[in-house]
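Since the structure comes first, as structure tokens, the remarks are kept for the end.
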Amino acid sequence: MERQQIYDIIVDNLPVGFSIVDKDGIIVDFNSTAERVTGYSKKEIFGKSHLEILHGTNDKEACPLFKHALERREQSVATETIIRRKSGEIIVLSVTTSPLFDNDGNLIGGIELFRDITELKRLERERKNILSMFAHDMKNPVITAEGFISRLLSGKAGLLSETQKNYLDLVKEELDGLQGLITDFLEFSRFEATECKPVLGPFNIEASMRKHIEIAKVEAEKKNIKIFFEGYEGIPVANADAMLIGRVITNLLDNAIKYTNPGGAVTISLIDGDGDVIVRLKDTGIGISEDHLPYIFDAFYRGKRDLKGSGLGLSIAKTIVEAHGGRIWVESIPGKGSTFSFTLPKNR
């Protein structure tokens, strides 16, 4: 079998659209999957400008193939773009591109692999809308119910028996938990609807940590849990959004106290890393089993130890940290405790 025949068989049987353009963006190859995705036959599209026929524009920035492969001579992976099919329908593609060079290193064109993700994007939008709508619609009734229960407990509607007070306290406690879940849902839907874009500035991580530790001590003392803070001299100022990082610290501290048995300890450390400040929270809690560790930062994931939470707290923390250019990870030994760490870039 000749080399060209092998090439044709492979290309025509690819499960994704395949296209090659020359250095001017003129289409020189197009497989059968690309025909199905775009609605154009090979004969209709050969020798035509990729930019004009598929994107309907001369703006090279609108096309990943031009923007990355031909202009910048770099690869791009899973970049989203829109094209217009022959029928006029607008669809969303996930595109991977790469420049093509001859043996002397001269650019001769670009190659593109793509798949239609229009339906996936529609489902994603619907999921986000349902989540946001659910959270908003639930919040007001919960706040109203809590308000009336607080009035009953205060005696404004008449005297209550001890049993009635106990029942109302239980109801209020459950409503408080529900309100916490709704708050997580609202925050998560906000991060999904728009990119998490921190407002960066000089951030005194030591002062912020001490403040959050004082707040956390209220719950820690109820369980006789000691909180230790290990800083170091000359802690550099980080470059971060104080409000968002405060959310991360609160989440990790609350979890550490929640899953540490009475009489245990939580130790917070600040470490001077290479270009980063490393924040480490170590507890002596119940730990996380090895089979749960790979999924602990996934949205809505709840391990066996957390049956009441929303499963969003750690996912939100990960989104915030990564939006700062940092990373977050966990190490754990079941029965002995967990250590959550994250990094923040130093303010240069």
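Residue numbers start at 1 in each chain; chains themselves are named A, B, ... in the order of the structure tokens; ligands are numbered from 1 in the order shown.
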
Give me, as a ChimeraX atom specification, all polymer residues having an atom no more than 8 Å from Glu80 (chain A), counting only C-alpha atoms and skipping those fewer than 4 positions away in the same chain. /A:92-95

List as a PDB file with N, CA, C and O atoms, in the first residue's frame the protein and nucleic acid residues near Ile268 (chain A), meaning an atom at most 8 Å away when only C-alpha atoms are counted, but skip any in the same chain fewer than 4 places from it.
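Produced file out36.pdb, reproduced below:
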ATOM      1  N   ILE A 227      -5.074  25.703  68.143  1.00  0.00           N
ATOM      2  CA  ILE A 227      -4.620  26.211  66.848  1.00  0.00           C
ATOM      3  C   ILE A 227      -3.246  26.854  67.038  1.00  0.00           C
ATOM      4  O   ILE A 227      -3.079  27.751  67.860  1.00  0.00           O
ATOM      5  N   PHE A 228      -2.280  26.367  66.287  1.00  0.00           N
ATOM      6  CA  PHE A 228      -0.920  26.890  66.357  1.00  0.00           C
ATOM      7  C   PHE A 228      -0.580  27.605  65.051  1.00  0.00           C
ATOM      8  O   PHE A 228      -0.942  27.134  63.968  1.00  0.00           O
ATOM      9  N   PHE A 229       0.128  28.718  65.179  1.00  0.00           N
ATOM     10  CA  PHE A 229       0.528  29.474  63.999  1.00  0.00           C
ATOM     11  C   PHE A 229       2.051  29.571  63.947  1.00  0.00           C
ATOM     12  O   PHE A 229       2.683  30.069  64.881  1.00  0.00           O
ATOM     13  N   GLU A 230       2.618  29.094  62.852  1.00  0.00           N
ATOM     14  CA  GLU A 230       4.066  29.108  62.672  1.00  0.00           C
ATOM     15  C   GLU A 230       4.420  30.023  61.499  1.00  0.00           C
ATOM     16  O   GLU A 230       4.290  29.639  60.336  1.00  0.00           O
ATOM     17  N   VAL A 279       1.263  28.452  51.980  1.00  0.00           N
ATOM     18  CA  VAL A 279       0.394  28.411  53.156  1.00  0.00           C
ATOM     19  C   VAL A 279       0.030  26.951  53.409  1.00  0.00           C
ATOM     20  O   VAL A 279      -0.446  26.261  52.507  1.00  0.00           O
ATOM     21  N   ARG A 280       0.263  26.494  54.642  1.00  0.00           N
ATOM     22  CA  ARG A 280       0.038  25.072  54.952  1.00  0.00           C
ATOM     23  C   ARG A 280      -0.813  24.936  56.206  1.00  0.00           C
ATOM     24  O   ARG A 280      -0.523  25.544  57.243  1.00  0.00           O
ATOM     25  N   LEU A 281      -1.885  24.169  56.104  1.00  0.00           N
ATOM     26  CA  LEU A 281      -2.759  23.900  57.247  1.00  0.00           C
ATOM     27  C   LEU A 281      -2.785  22.394  57.515  1.00  0.00           C
ATOM     28  O   LEU A 281      -3.257  21.615  56.686  1.00  0.00           O
ATOM     29  N   LYS A 282      -2.257  22.025  58.674  1.00  0.00           N
ATOM     30  CA  LYS A 282      -2.159  20.607  59.041  1.00  0.00           C
ATOM     31  C   LYS A 282      -3.054  20.328  60.238  1.00  0.00           C
ATOM     32  O   LYS A 282      -3.032  21.059  61.235  1.00  0.00           O
TER      33      LYS A 282
END

Taking 5 positions as the minimum chain separation for residues in the same chain, which residues sit within 9 Å of region 111-120 of chain A when counting only C-alpha atoms? Answer as a list in words.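 Counting only C-alpha atoms, the residues come to Pro15, Val16, Gly17, Phe18, Ser19, Ile20, Val21, Asp22, Thr33, Ala34, Val37, Pro64, Leu65, Ala69, Ala78, Glu80, Ile90, Ile91, Val92, Leu93, Ser94, Val95, Thr96, Thr97, Ser98, Pro99, Leu100 and Arg125 of chain A.
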
Take the residues from that selection and write them out as a CSV table (one decimal), in the first residue's frame, keeping C-alpha atoms.
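What ended up in selection.csv:
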chain,number,residue,atom,x,y,z
A,15,PRO,CA,-13.4,10.9,14.4
A,16,VAL,CA,-12.6,14.7,14.4
A,17,GLY,CA,-12.6,17.3,11.6
A,18,PHE,CA,-9.2,17.6,9.9
A,19,SER,CA,-8.0,20.5,7.7
A,20,ILE,CA,-4.7,21.7,6.3
A,21,VAL,CA,-4.2,25.2,5.0
A,22,ASP,CA,-1.2,26.7,3.2
A,33,THR,CA,-15.7,14.4,9.3
A,34,ALA,CA,-14.9,18.1,8.5
A,37,VAL,CA,-19.3,19.2,10.8
A,64,PRO,CA,-7.3,29.9,16.2
A,65,LEU,CA,-5.6,28.4,13.1
A,69,ALA,CA,-0.4,28.4,13.9
A,78,ALA,CA,-8.8,22.8,22.7
A,80,GLU,CA,-13.0,27.4,21.5
A,90,ILE,CA,-23.6,29.1,14.0
A,91,ILE,CA,-21.8,26.3,15.8
A,92,VAL,CA,-19.1,26.1,18.5
A,93,LEU,CA,-15.9,24.2,17.9
A,94,SER,CA,-13.1,22.9,20.1
A,95,VAL,CA,-10.0,23.4,18.0
A,96,THR,CA,-6.4,22.1,18.2
A,97,THR,CA,-3.9,23.7,15.8
A,98,SER,CA,-0.3,23.4,14.9
A,99,PRO,CA,2.0,25.1,12.3
A,100,LEU,CA,3.6,23.1,9.5
A,125,ARG,CA,-25.4,26.9,30.0

Using DSSP assignments from the backbone, pull out every residue in region 104-184 of chain A that falls under helix (DSSP H, G or I) and give it to me as a VMD selection string. chain A and resid 118 to 153 162 to 184

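As for CA of Phe297 (chain A) and CA of Ile213 (chain A), they are spaced 23.0 Å apart.
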
Spatial neighbours of Ala216 (chain A), 12 Å, only C-alpha atoms, chain gap at least 3 places, as a PyMOL selection string: chain A and resi 209-213+219-223+225-228+249-258+266

Can you list, as JSON, numbers by chain, every protein, DNA or RNA residue that comes within 9 Å of Gly325 (chain A) when you count only C-alpha atoms, leaving out same-chain residues fewer than 4 positions away? {"A": [321, 343, 344, 345]}

Please run DSSP on the backbone and report, as number ranges by chain, all residues within region 192-331 of chain A that come out as strand (DSSP E). A: 201-203, 226-230, 238-240, 265-272, 276-283, 328-331

Using only N, CA, C and O atoms, please write the residues we just selected to a file, as a CSV table (one decimal), in the first residue's frame.
chain,number,residue,atom,x,y,z
A,201,GLY,N,-3.4,43.0,44.6
A,201,GLY,CA,-2.7,44.1,45.2
A,201,GLY,C,-1.8,43.5,46.4
A,201,GLY,O,-1.9,42.3,46.7
A,202,PRO,N,-1.0,44.3,47.0
A,202,PRO,CA,-0.2,43.9,48.1
A,202,PRO,C,-1.1,43.3,49.2
A,202,PRO,O,-2.1,43.9,49.6
A,203,PHE,N,-0.7,42.1,49.7
A,203,PHE,CA,-1.6,41.4,50.6
A,203,PHE,C,-0.7,40.8,51.8
A,203,PHE,O,0.2,40.0,51.5
A,226,LYS,N,-6.6,23.0,69.7
A,226,LYS,CA,-5.6,24.0,69.8
A,226,LYS,C,-5.2,24.4,68.4
A,226,LYS,O,-5.1,23.6,67.5
A,227,ILE,N,-5.1,25.7,68.1
A,227,ILE,CA,-4.6,26.2,66.8
A,227,ILE,C,-3.2,26.9,67.0
A,227,ILE,O,-3.1,27.8,67.9
A,228,PHE,N,-2.3,26.4,66.3
A,228,PHE,CA,-0.9,26.9,66.4
A,228,PHE,C,-0.6,27.6,65.1
A,228,PHE,O,-0.9,27.1,64.0
A,229,PHE,N,0.1,28.7,65.2
A,229,PHE,CA,0.5,29.5,64.0
A,229,PHE,C,2.1,29.6,63.9
A,229,PHE,O,2.7,30.1,64.9
A,230,GLU,N,2.6,29.1,62.9
A,230,GLU,CA,4.1,29.1,62.7
A,230,GLU,C,4.4,30.0,61.5
A,230,GLU,O,4.3,29.6,60.3
A,238,ALA,N,2.3,39.1,49.8
A,238,ALA,CA,1.9,38.4,48.6
A,238,ALA,C,1.2,39.3,47.6
A,238,ALA,O,0.8,40.5,48.0
A,239,ASN,N,0.9,38.9,46.4
A,239,ASN,CA,0.2,39.6,45.4
A,239,ASN,C,-1.1,38.9,45.3
A,239,ASN,O,-1.2,37.9,44.6
A,240,ALA,N,-2.2,39.4,45.9
A,240,ALA,CA,-3.5,38.7,45.9
A,240,ALA,C,-4.7,39.6,46.1
A,240,ALA,O,-4.5,40.7,46.5
A,265,ALA,N,-5.4,19.1,67.2
A,265,ALA,CA,-4.7,20.4,67.0
A,265,ALA,C,-4.7,20.7,65.5
A,265,ALA,O,-4.7,19.8,64.6
A,266,VAL,N,-4.6,22.0,65.2
A,266,VAL,CA,-4.5,22.5,63.8
A,266,VAL,C,-3.3,23.4,63.8
A,266,VAL,O,-3.2,24.3,64.6
A,267,THR,N,-2.4,23.1,62.9
A,267,THR,CA,-1.2,24.0,62.8
A,267,THR,C,-1.1,24.7,61.4
A,267,THR,O,-1.2,24.0,60.4
A,268,ILE,N,-1.0,26.0,61.5
A,268,ILE,CA,-0.9,26.8,60.2
A,268,ILE,C,0.6,27.3,60.1
A,268,ILE,O,1.1,27.8,61.0
A,269,SER,N,1.1,27.1,58.9
A,269,SER,CA,2.5,27.5,58.6
A,269,SER,C,2.6,28.4,57.4
A,269,SER,O,1.8,28.1,56.4
A,270,LEU,N,3.5,29.3,57.4
A,270,LEU,CA,3.8,30.2,56.3
A,270,LEU,C,5.2,29.9,55.9
A,270,LEU,O,6.1,30.0,56.8
A,271,ILE,N,5.4,29.5,54.7
A,271,ILE,CA,6.8,29.1,54.2
A,271,ILE,C,7.2,30.0,53.0
A,271,ILE,O,6.4,30.2,52.1
A,272,ASP,N,8.5,30.4,53.1
A,272,ASP,CA,9.0,31.2,52.0
A,272,ASP,C,9.5,30.3,50.9
A,272,ASP,O,10.5,29.6,51.0
A,276,ASP,N,7.2,32.2,45.7
A,276,ASP,CA,5.8,32.0,46.2
A,276,ASP,C,5.8,32.0,47.7
A,276,ASP,O,6.8,31.7,48.4
A,277,VAL,N,4.7,32.4,48.3
A,277,VAL,CA,4.5,32.1,49.7
A,277,VAL,C,3.6,30.9,49.8
A,277,VAL,O,2.6,30.7,49.1
A,278,ILE,N,4.1,29.9,50.6
A,278,ILE,CA,3.3,28.6,50.8
A,278,ILE,C,2.6,28.7,52.1
A,278,ILE,O,3.1,28.9,53.1
A,279,VAL,N,1.3,28.5,52.0
A,279,VAL,CA,0.4,28.4,53.2
A,279,VAL,C,0.0,27.0,53.4
A,279,VAL,O,-0.4,26.3,52.5
A,280,ARG,N,0.3,26.5,54.6
A,280,ARG,CA,0.0,25.1,55.0
A,280,ARG,C,-0.8,24.9,56.2
A,280,ARG,O,-0.5,25.5,57.2
A,281,LEU,N,-1.9,24.2,56.1
A,281,LEU,CA,-2.8,23.9,57.2
A,281,LEU,C,-2.8,22.4,57.5
A,281,LEU,O,-3.3,21.6,56.7
A,282,LYS,N,-2.3,22.0,58.7
A,282,LYS,CA,-2.2,20.6,59.0
A,282,LYS,C,-3.1,20.3,60.2
A,282,LYS,O,-3.0,21.1,61.2
A,283,ASP,N,-3.9,19.3,60.1
A,283,ASP,CA,-4.7,18.9,61.3
A,283,ASP,C,-4.4,17.5,61.7
A,283,ASP,O,-3.7,16.8,61.1
A,328,ILE,N,-3.0,24.4,44.6
A,328,ILE,CA,-3.5,23.9,45.9
A,328,ILE,C,-3.5,22.4,45.9
A,328,ILE,O,-3.8,21.8,44.8
A,329,TRP,N,-3.1,21.8,47.0
A,329,TRP,CA,-3.0,20.3,47.0
A,329,TRP,C,-3.2,19.8,48.4
A,329,TRP,O,-3.2,20.6,49.4
A,330,VAL,N,-3.4,18.5,48.5
A,330,VAL,CA,-3.6,17.9,49.9
A,330,VAL,C,-2.8,16.6,50.0
A,330,VAL,O,-2.6,15.9,49.0
A,331,GLU,N,-2.4,16.4,51.2
A,331,GLU,CA,-1.7,15.1,51.6
A,331,GLU,C,-2.5,14.6,52.8
A,331,GLU,O,-2.8,15.4,53.7

One decimal, Å: what's the distance from CA of Val142 (chain A) over to CA of Asp169 (chain A), could you say?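 Separating CA of Val142 (chain A) from CA of Asp169 (chain A) is a distance of 14.8 Å.
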
May I ask for the distance between CA of Lys86 (chain A) and CA of Asn13 (chain A), given in Å to one decimal place?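 Between CA of Lys86 (chain A) and CA of Asn13 (chain A) the gap is 22.0 Å.
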